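*Asks:* run-v7.tsv is reproduced in full below (TSV, C-alpha atoms).
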```tsv
chain	number	residue	atom	x	y	z
A	1436	MET	CA	0.00	0.00	0.00
A	1437	CYS	CA	1.14	3.57	-0.67
A	1438	ARG	CA	3.53	4.71	2.07
A	1439	ASN	CA	2.35	8.33	2.01
A	1440	LEU	CA	-1.09	7.60	3.43
A	1441	THR	CA	-2.06	8.82	6.89
A	1442	PRO	CA	-3.56	6.33	9.37
A	1443	ASN	CA	-6.99	7.80	8.62
A	1444	ASP	CA	-6.47	7.37	4.87
A	1445	ILE	CA	-5.28	3.80	5.38
A	1446	GLN	CA	-8.60	3.07	7.05
A	1447	LYS	CA	-10.39	4.59	4.04
A	1448	VAL	CA	-8.40	2.37	1.68
A	1449	ARG	CA	-9.32	-0.68	3.73
A	1450	LYS	CA	-12.94	0.37	3.40
A	1451	LEU	CA	-12.52	0.59	-0.39
A	1452	LYS	CA	-11.13	-2.94	-0.40
A	1453	GLU	CA	-14.11	-4.10	1.62
A	1454	ILE	CA	-16.45	-2.44	-0.86
A	1455	ARG	CA	-14.67	-4.15	-3.74
A	1456	LYS	CA	-15.21	-7.52	-2.05
A	1457	GLU	CA	-18.86	-6.72	-1.37
A	1458	ASN	CA	-19.32	-5.65	-5.01
A	1459	ASN	CA	-17.80	-8.94	-6.15
A	1460	ASP	CA	-19.86	-10.98	-3.69
A	1461	ILE	CA	-23.18	-9.48	-4.73
A	1462	ARG	CA	-22.27	-9.66	-8.41
A	1463	TRP	CA	-21.48	-13.36	-8.06
A	1464	ILE	CA	-24.74	-14.05	-6.23
A	1465	LEU	CA	-26.91	-12.18	-8.70
A	1466	SER	CA	-25.04	-13.53	-11.72
A	1467	ASP	CA	-25.58	-17.04	-10.42
A	1468	TYR	CA	-29.26	-16.32	-9.85
A	1469	LEU	CA	-29.80	-14.75	-13.29
A	1470	ASN	CA	-27.91	-17.49	-15.11
A	1471	ASN	CA	-29.13	-20.53	-13.18
A	1472	ASN	CA	-32.31	-19.67	-11.27
A	1473	PRO	CA	-34.08	-16.70	-12.94
A	1474	CYS	CA	-37.48	-18.41	-12.70
A	1475	PHE	CA	-37.02	-19.84	-9.20
A	1476	ILE	CA	-39.61	-17.41	-7.83
A	1477	THR	CA	-43.11	-18.06	-9.16
A	1478	LYS	CA	-46.59	-16.74	-8.55
A	1479	LYS	CA	-47.41	-19.90	-6.58
A	1480	LEU	CA	-44.35	-19.44	-4.38
A	1481	ILE	CA	-45.14	-15.76	-3.79
A	1482	GLU	CA	-48.72	-16.58	-2.78
A	1483	SER	CA	-47.65	-19.39	-0.46
A	1484	VAL	CA	-45.38	-16.99	1.44
A	1485	ASN	CA	-47.82	-14.09	1.48
A	1486	GLN	CA	-51.11	-15.76	2.31
A	1487	ASP	CA	-52.49	-12.79	4.24
A	1488	GLY	CA	-51.30	-10.25	1.63
A	1489	SER	CA	-49.50	-8.14	4.21
A	1490	LEU	CA	-46.11	-8.03	2.45
A	1491	SER	CA	-45.10	-6.33	-0.78
A	1492	GLU	CA	-43.96	-8.55	-3.62
A	1493	GLU	CA	-40.57	-6.85	-3.59
A	1494	MET	CA	-40.08	-7.75	0.09
A	1495	ILE	CA	-41.08	-11.36	-0.54
A	1496	TYR	CA	-38.78	-11.50	-3.56
A	1497	LEU	CA	-35.91	-10.20	-1.43
A	1498	GLY	CA	-36.63	-12.68	1.32
A	1499	LEU	CA	-36.77	-15.63	-1.07
A	1500	ILE	CA	-33.39	-14.79	-2.62
A	1501	ILE	CA	-31.90	-14.31	0.85
A	1502	GLY	CA	-33.24	-17.74	1.77
A	1503	LEU	CA	-32.06	-19.38	-1.46
A	1504	TYR	CA	-28.49	-18.25	-0.84
A	1505	GLU	CA	-28.70	-19.01	2.89
A	1506	PHE	CA	-27.89	-15.52	4.15
A	1507	ASP	CA	-27.53	-15.33	7.91
A	1508	ILE	CA	-28.75	-11.78	8.44
A	1509	GLU	CA	-29.11	-12.24	12.20
A	1510	THR	CA	-25.50	-13.03	13.17
A	1511	ASN	CA	-23.38	-12.59	10.02
A	1512	GLU	CA	-22.51	-8.90	9.52
A	1513	LEU	CA	-21.45	-9.32	5.87
A	1514	ASP	CA	-24.65	-11.17	4.96
A	1515	LYS	CA	-26.68	-8.48	6.69
A	1516	LYS	CA	-24.80	-5.75	4.82
A	1517	LEU	CA	-25.23	-7.46	1.43
A	1518	ALA	CA	-28.93	-7.95	2.05
A	1519	ASN	CA	-29.69	-4.42	3.25
A	1520	ASN	CA	-27.21	-2.31	1.28
A	1521	TYR	CA	-27.18	-4.22	-1.99
A	1522	LEU	CA	-30.06	-6.65	-2.50
A	1523	ARG	CA	-32.78	-4.45	-1.03
A	1524	PRO	CA	-32.16	-1.47	-3.36
A	1525	ALA	CA	-31.32	-3.80	-6.28
A	1526	ILE	CA	-34.70	-5.52	-6.58
A	1527	LYS	CA	-37.64	-3.74	-8.18
A	1528	LYS	CA	-41.09	-4.78	-9.32
A	1529	LEU	CA	-41.67	-3.17	-12.71
A	1530	ASP	CA	-44.89	-1.82	-14.17
A	1531	LYS	CA	-45.63	-3.61	-17.45
A	1532	LYS	CA	-47.80	-0.74	-18.69
A	1533	SER	CA	-44.93	1.78	-18.48
A	1534	TYR	CA	-43.09	-0.23	-21.15
A	1535	THR	CA	-45.95	-1.38	-23.36
A	1536	GLU	CA	-47.00	2.26	-23.71
A	1537	ASN	CA	-43.53	3.17	-24.98
A	1538	PRO	CA	-43.87	4.68	-28.50
A	1539	TYR	CA	-41.82	1.92	-30.12
A	1540	TYR	CA	-43.95	-0.80	-28.51
A	1541	ARG	CA	-47.15	0.99	-29.51
A	1542	ASN	CA	-46.25	1.78	-33.11
A	1543	ILE	CA	-43.75	-0.81	-34.34
A	1544	HIS	CA	-44.89	-4.39	-34.90
A	1545	ILE	CA	-42.25	-7.04	-35.43
A	1546	PRO	CA	-43.18	-9.89	-37.81
A	1547	GLU	CA	-41.76	-13.33	-37.15
A	1548	VAL	CA	-39.56	-13.85	-40.19
A	1549	ARG	CA	-36.17	-15.37	-41.12
A	1550	LEU	CA	-33.34	-14.26	-43.40
A	1551	GLY	CA	-30.35	-16.59	-43.54
A	1552	ASP	CA	-29.06	-17.13	-40.02
A	1553	TRP	CA	-31.17	-14.27	-38.68
A	1554	GLU	CA	-34.68	-14.23	-37.31
A	1555	LEU	CA	-37.12	-11.64	-36.01
A	1556	LYS	CA	-39.40	-12.92	-33.25
A	1557	TYR	CA	-40.94	-12.20	-29.87
A	1558	GLU	CA	-39.62	-13.65	-26.63
A	1559	THR	CA	-41.06	-13.43	-23.13
A	1560	TYR	CA	-40.22	-12.90	-19.50
A	1561	GLU	CA	-42.30	-15.20	-17.33
A	1562	PRO	CA	-44.09	-13.77	-14.26
A	1563	TYR	CA	-41.48	-13.07	-11.54
A	1564	GLU	CA	-38.56	-14.03	-13.81
A	1565	ALA	CA	-35.50	-11.97	-12.85
A	1566	PHE	CA	-33.51	-9.84	-15.29
A	1567	ILE	CA	-31.25	-6.79	-15.32
A	1568	TYR	CA	-33.43	-3.76	-16.02
A	1569	ASN	CA	-30.95	-0.86	-15.88
A	1570	ASP	CA	-27.26	-0.01	-15.56
A	1571	LEU	CA	-25.43	-0.14	-12.24
A	1572	ILE	CA	-26.06	2.31	-9.43
A	1573	ILE	CA	-22.60	3.54	-8.40
A	1574	THR	CA	-22.31	5.46	-5.14
A	1575	GLY	CA	-19.67	8.02	-4.17
A	1576	ASN	CA	-17.57	5.35	-2.46
A	1577	PHE	CA	-17.72	3.05	-5.54
A	1578	LYS	CA	-20.32	0.69	-4.16
A	1579	GLU	CA	-22.00	-0.92	-7.15
A	1580	ILE	CA	-25.63	-1.99	-6.98
A	1581	PRO	CA	-26.97	-4.09	-9.88
A	1582	ARG	CA	-30.60	-3.44	-10.76
A	1583	ILE	CA	-32.73	-6.57	-10.92
A	1584	GLY	CA	-36.31	-6.30	-12.09
A	1585	PHE	CA	-39.34	-8.55	-12.44
A	1586	PHE	CA	-42.93	-8.33	-13.65
A	1587	ASN	CA	-45.82	-10.11	-11.93
A	1588	GLU	CA	-47.27	-11.04	-15.32
A	1589	LYS	CA	-45.88	-12.30	-18.60
A	1590	PHE	CA	-44.00	-9.66	-20.61
A	1591	ARG	CA	-43.45	-9.99	-24.36
A	1592	PHE	CA	-40.57	-8.24	-26.15
A	1593	PRO	CA	-39.14	-8.20	-29.71
A	1594	ALA	CA	-35.78	-9.79	-30.43
A	1595	VAL	CA	-33.30	-10.47	-33.22
A	1596	MET	CA	-31.89	-13.99	-33.16
A	1597	GLU	CA	-28.71	-15.25	-34.83
A	1598	ASN	CA	-28.61	-19.03	-35.23
A	1599	GLY	CA	-31.14	-19.36	-32.44
A	1600	HIS	CA	-29.26	-17.13	-30.00
A	1601	GLU	CA	-30.51	-13.72	-28.92
A	1602	TRP	CA	-28.39	-11.05	-30.61
A	1603	MET	CA	-30.39	-8.02	-29.57
A	1604	ALA	CA	-33.76	-7.40	-27.93
A	1605	ILE	CA	-35.82	-4.43	-26.80
A	1606	LYS	CA	-36.22	-5.12	-23.11
A	1607	PRO	CA	-36.64	-2.79	-20.12
A	1608	ASN	CA	-32.84	-2.67	-19.83
A	1609	GLU	CA	-32.44	-1.21	-23.31
A	1610	ILE	CA	-35.32	1.21	-22.77
A	1611	GLU	CA	-34.10	2.45	-19.39
A	1612	THR	CA	-30.42	2.76	-20.31
A	1613	MET	CA	-31.10	4.66	-23.53
A	1614	GLN	CA	-33.73	7.07	-22.19
A	1615	PRO	CA	-31.35	9.68	-20.69
A	1616	LEU	CA	-29.61	10.01	-24.06
A	1617	ILE	CA	-32.91	10.10	-25.96
A	1618	ASN	CA	-34.00	12.96	-23.70
A	1619	THR	CA	-30.77	14.85	-24.50
A	1620	ILE	CA	-30.12	14.50	-28.23
A	1621	GLU	CA	-30.98	17.03	-30.89
A	1622	GLY	CA	-29.78	18.07	-34.32
A	1623	ASN	CA	-27.87	15.57	-36.45
A	1624	ILE	CA	-27.25	12.15	-34.91
A	1625	ALA	CA	-25.09	9.15	-35.73
A	1626	THR	CA	-25.44	5.74	-34.13
A	1627	PHE	CA	-23.21	2.69	-34.40
A	1628	GLY	CA	-25.23	-0.52	-34.25
A	1629	LEU	CA	-28.74	-1.01	-35.64
A	1630	GLY	CA	-30.40	-3.95	-33.90
A	1631	LEU	CA	-34.18	-3.51	-34.11
A	1632	GLY	CA	-33.84	0.24	-34.51
A	1633	TYR	CA	-35.12	1.22	-31.07
A	1634	PHE	CA	-32.76	4.13	-30.56
A	1635	THR	CA	-33.16	5.18	-34.20
A	1636	TYR	CA	-36.95	5.22	-33.91
A	1637	MET	CA	-37.02	7.11	-30.63
A	1638	ALA	CA	-34.59	9.68	-32.02
A	1639	SER	CA	-36.58	10.07	-35.24
A	1640	ILE	CA	-39.84	11.04	-33.49
A	1641	LYS	CA	-38.19	13.97	-31.72
A	1642	GLU	CA	-38.99	17.26	-33.47
A	1643	ASN	CA	-35.56	18.72	-32.73
A	1644	VAL	CA	-33.73	15.75	-34.27
A	1645	HIS	CA	-33.13	16.45	-37.96
A	1646	SER	CA	-31.31	13.34	-39.17
A	1647	ILE	CA	-30.02	9.96	-37.97
A	1648	VAL	CA	-27.20	8.11	-39.71
A	1649	VAL	CA	-27.05	4.45	-38.69
A	1650	VAL	CA	-23.80	2.55	-39.25
A	1651	GLU	CA	-24.26	-1.23	-39.33
A	1652	GLN	CA	-21.94	-3.85	-40.80
A	1653	ASN	CA	-24.26	-6.84	-41.06
A	1654	LYS	CA	-26.17	-6.70	-44.35
A	1655	ASP	CA	-28.83	-9.26	-43.31
A	1656	VAL	CA	-29.70	-7.16	-40.25
A	1657	ILE	CA	-29.95	-4.08	-42.48
A	1658	GLN	CA	-32.20	-5.94	-44.93
A	1659	LEU	CA	-34.54	-7.17	-42.21
A	1660	PHE	CA	-34.77	-3.65	-40.83
A	1661	LYS	CA	-35.42	-2.05	-44.24
A	1662	ASP	CA	-38.02	-4.64	-45.23
A	1663	TYR	CA	-40.04	-4.95	-42.05
A	1664	ILE	CA	-39.29	-2.18	-39.54
A	1665	LEU	CA	-38.26	1.05	-41.27
A	1666	PRO	CA	-41.49	1.23	-43.36
A	1667	GLN	CA	-43.38	1.62	-40.05
A	1668	PHE	CA	-41.42	4.73	-39.01
A	1669	GLN	CA	-43.47	7.93	-39.14
A	1670	TYR	CA	-40.39	9.95	-40.06
A	1671	LYS	CA	-38.38	7.44	-42.08
A	1672	GLU	CA	-37.01	10.26	-44.23
A	1673	LYS	CA	-34.79	11.29	-41.32
A	1674	VAL	CA	-33.01	7.91	-41.33
A	1675	LYS	CA	-30.02	6.89	-43.47
A	1676	ILE	CA	-28.52	3.40	-43.17
A	1677	ILE	CA	-24.84	2.93	-44.04
A	1678	SER	CA	-23.34	-0.54	-44.37
A	1679	ALA	CA	-19.82	-0.13	-43.01
A	1680	ASP	CA	-17.40	-1.13	-40.28
A	1681	ALA	CA	-18.00	1.17	-37.32
A	1682	PHE	CA	-14.34	1.94	-36.67
A	1683	GLU	CA	-13.48	2.59	-40.31
A	1684	TYR	CA	-16.44	4.96	-40.58
A	1685	ALA	CA	-15.50	6.69	-37.32
A	1686	THR	CA	-11.93	7.35	-38.44
A	1687	LYS	CA	-12.37	7.99	-42.18
A	1688	GLU	CA	-15.88	9.31	-42.79
A	1689	MET	CA	-17.22	10.84	-39.60
A	1690	PRO	CA	-14.57	13.60	-39.24
A	1691	ASN	CA	-15.98	15.12	-42.43
A	1692	LYS	CA	-19.52	15.20	-41.06
A	1693	ASN	CA	-21.16	17.55	-38.60
A	1694	PHE	CA	-22.84	15.30	-36.07
A	1695	ASP	CA	-24.09	16.82	-32.85
A	1696	TYR	CA	-24.33	13.50	-31.00
A	1697	VAL	CA	-23.04	9.97	-31.52
A	1698	PHE	CA	-24.41	6.89	-29.78
A	1699	VAL	CA	-22.25	3.76	-29.74
A	1700	ASP	CA	-23.91	0.39	-29.07
A	1701	LEU	CA	-21.66	-2.34	-30.51
A	1702	TRP	CA	-21.62	-4.87	-27.65
A	1703	HIS	CA	-23.93	-7.31	-25.93
A	1704	ASP	CA	-22.88	-6.41	-22.37
A	1705	GLU	CA	-19.84	-5.42	-20.31
A	1706	SER	CA	-18.21	-8.83	-20.86
A	1707	ASP	CA	-17.49	-8.05	-24.52
A	1708	GLY	CA	-17.80	-4.28	-24.45
A	1709	LEU	CA	-14.74	-2.78	-22.74
A	1710	GLU	CA	-12.28	-3.34	-25.58
A	1711	LEU	CA	-14.70	-2.00	-28.19
A	1712	TYR	CA	-15.58	0.96	-25.95
A	1713	CYS	CA	-11.90	1.84	-25.51
A	1714	LYS	CA	-11.23	1.51	-29.22
A	1715	MET	CA	-14.08	3.86	-30.16
A	1716	LYS	CA	-13.41	6.35	-27.37
A	1717	LYS	CA	-9.88	6.91	-28.70
A	1718	ASN	CA	-11.46	8.34	-31.86
A	1719	GLU	CA	-13.36	11.11	-30.08
A	1720	HIS	CA	-10.56	13.62	-30.74
A	1721	LEU	CA	-11.30	13.33	-34.48
A	1722	ASN	CA	-14.73	14.86	-33.83
A	1723	SER	CA	-14.12	17.43	-31.13
A	1724	LYS	CA	-17.47	19.19	-31.63
A	1725	THR	CA	-19.49	15.99	-31.33
A	1726	GLN	CA	-20.76	14.63	-28.03
A	1727	PHE	CA	-20.34	10.85	-27.67
A	1728	PHE	CA	-22.56	8.55	-25.62
A	1729	TYR	CA	-21.91	4.87	-24.97
A	1730	TRP	CA	-24.39	2.19	-24.03
A	1731	ILE	CA	-23.99	0.91	-20.39
A	1732	GLU	CA	-20.88	3.08	-19.94
A	1733	ASP	CA	-20.97	2.85	-16.14
A	1734	SER	CA	-20.75	-0.95	-16.29
A	1735	LEU	CA	-17.91	-0.78	-18.82
A	1736	LEU	CA	-15.96	1.66	-16.67
A	1737	SER	CA	-16.58	-0.52	-13.64
A	1738	SER	CA	-14.64	-3.30	-15.37
A	1739	LEU	CA	-11.75	-0.92	-15.97
A	1740	ARG	CA	-11.88	0.54	-12.44
A	1741	TRP	CA	-11.33	-2.82	-10.78
A	1742	GLN	CA	-8.68	-3.82	-13.32
A	1743	ILE	CA	-6.47	-0.94	-12.21
A	1744	PHE	CA	-7.57	-0.89	-8.56
A	1745	ASP	CA	-4.62	-2.80	-7.07
A	1746	TRP	CA	-2.10	-0.82	-9.07
A	1747	VAL	CA	-3.68	2.46	-7.96
A	1748	ILE	CA	-3.66	1.42	-4.30
A	1749	GLU	CA	0.03	0.54	-4.48
A	1750	ASN	CA	1.23	3.56	-6.46
A	1751	ALA	CA	-0.99	6.58	-5.80
A	1752	HIS	CA	0.60	9.39	-3.74
A	1753	SER	CA	-2.44	10.09	-1.58
A	1754	TYR	CA	-5.97	8.92	-0.85
A	1755	LYS	CA	-7.24	11.89	-2.84
A	1756	ASP	CA	-5.30	10.57	-5.83
A	1757	ILE	CA	-6.81	7.12	-5.35
A	1758	VAL	CA	-10.35	8.49	-5.45
A	1759	ASN	CA	-9.49	10.62	-8.47
A	1760	TYR	CA	-7.92	7.74	-10.40
A	1761	LEU	CA	-10.98	5.55	-9.79
A	1762	SER	CA	-13.51	8.25	-10.73
A	1763	LYS	CA	-15.56	8.15	-13.92
A	1764	PRO	CA	-14.09	11.38	-15.41
A	1765	PHE	CA	-10.52	10.17	-14.90
A	1766	LEU	CA	-11.23	6.70	-16.33
A	1767	GLN	CA	-12.82	8.32	-19.40
A	1768	LYS	CA	-9.77	10.54	-19.85
A	1769	LEU	CA	-7.41	7.64	-19.21
A	1770	ILE	CA	-8.84	5.67	-22.12
A	1771	THR	CA	-8.48	8.52	-24.58
A	1772	ILE	CA	-4.80	9.24	-23.78
A	1773	SER	CA	-3.47	5.71	-23.22
A	1774	THR	CA	-1.91	3.49	-25.86
A	1775	ASN	CA	-2.51	-0.26	-26.11
A	1776	CYS	CA	-4.45	-0.12	-22.81
A	1777	ASN	CA	-1.21	0.52	-20.87
A	1778	PHE	CA	-3.11	2.49	-18.24
A	1779	SER	CA	-0.53	2.35	-15.45
A	1780	THR	CA	2.08	4.12	-17.58
A	1781	VAL	CA	-0.31	6.98	-18.22
A	1782	ILE	CA	-1.14	7.31	-14.51
A	1783	LEU	CA	2.54	7.48	-13.65
A	1784	GLU	CA	3.00	10.31	-16.09
```
Please go through the file and, once you have read it, give me the structure as structure tokens.
*Replies:*
Amino acid sequence: MCRNLTPNDIQKVRKLKEIRKENNDIRWILSDYLNNNPCFITKKLIESVNQDGSLSEEMIYLGLIIGLYEFDIETNELDKKLANNYLRPAIKKLDKKSYTENPYYRNIHIPEVRLGDWELKYETYEPYEAFIYNDLIITGNFKEIPRIGFFNEKFRFPAVMENGHEWMAIKPNEIETMQPLINTIEGNIATFGLGLGYFTYMASIKENVHSIVVVEQNKDVIQLFKDYILPQFQYKEKVKIISADAFEYATKEMPNKNFDYVFVDLWHDESDGLELYCKMKKNEHLNSKTQFFYWIEDSLLSSLRWQIFDWVIENAHSYKDIVNYLSKPFLQKLITISTNCNFSTVILE
């Protein structure tokens, strides 16, 4: 550990290490639940626990997960902390109507069709099935709270499948994570990644958005979109689809354009997104007047934060430096100025 730290700062660093462990513990538990037991909780199970109707479904849901993973919240301080500080704020019962009344859901109808290895179809969440519904909540001390949602009735959502595997879908997670950007954008927009055109549609119906250029490499995905989805857009004249590699377009074509905002969505989740995020972020300097947004950026930066955590703890000159180096603004800057992801060299400089 850094030798320059005061006894008080050393205690703060120990707290950060505790938080990292707690973050990892809760991530493992919820990842295990989502991957192996997402439908463990059912309507029948909820009703058997709540026969008198005195408890909220969220409280029952929390209690059932605590029981499934054998938390000892009476005598084990860590279990109590994970339950109260992580699981309790993580779990949320969602309102189906708030999503089905979304403009895309109301106005765009996805046919069930195939083209080569690709397929448009609807999939469902079963009642009480667990899923991630939004990006991480990250507190000032770097505590990370995943957001796990459920409906108490079946929820149907459109998806694009590749060889039978979900490639992209319009779920609450996509809707929630994109909404802040959709509220912000105006003028001329570019987006990397097409999917089912959710972001493109929501951008196109805004009066103050004049044009949307969509860069997508897969020609089958483009064809499905042009044949079955784009014709349903009220303002399809605002949309231009370009078949190109995202990074080639970003470096060779985009600097000659005048985009006000760019949205990058080239990954499935944080497990495959950090490298692509870093690669695109390094191109921002080519378009200094354009504001870039990245899908699930907080989750992507979380991966980077904990990659450099041990190095920062050992080499930072003060606790203030530690907090700075782990902050979102510094991590964003770090990516843009580093070469070959050699982040420690940049920090030393």
*Asks:* When you count only C-alpha atoms, which of these residues is closest to A:Phe1668: A:Met1494, A:Ile1543, A:Ile1617, A:Cys1713?
*Replies:* A:Ile1543
*Asks:* Taking only C-alpha atoms into account, which of A:Leu1701, A:Leu1665, A:Leu1513, A:Ile1508 comes nearest A:Trp1602?
*Replies:*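 Under the stated criterion, the closest residue is A:Leu1701.
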*Asks:* What does the distance from atom CA of A:Asp1756 to atom CA of A:Leu1440 come to in Å, to one decimal?
*Replies:*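 About the pair atom CA of A:Asp1756 and atom CA of A:Leu1440: they are 10.6 Å apart.
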*Asks:* So, counting only C-alpha atoms, which residue among A:Ile1620, A:Ile1572, A:Val1674, A:Leu1555 is closest to A:Ala1604?
*Replies:* A:Leu1555
*Asks:* Just give me the gap between atom CA of A:Gly1575 and atom CA of A:Ser1706 in Å, one decimal is fine.
*Replies:*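 Atom-to-atom, atom CA of A:Gly1575 and atom CA of A:Ser1706 are spaced 23.8 Å apart.
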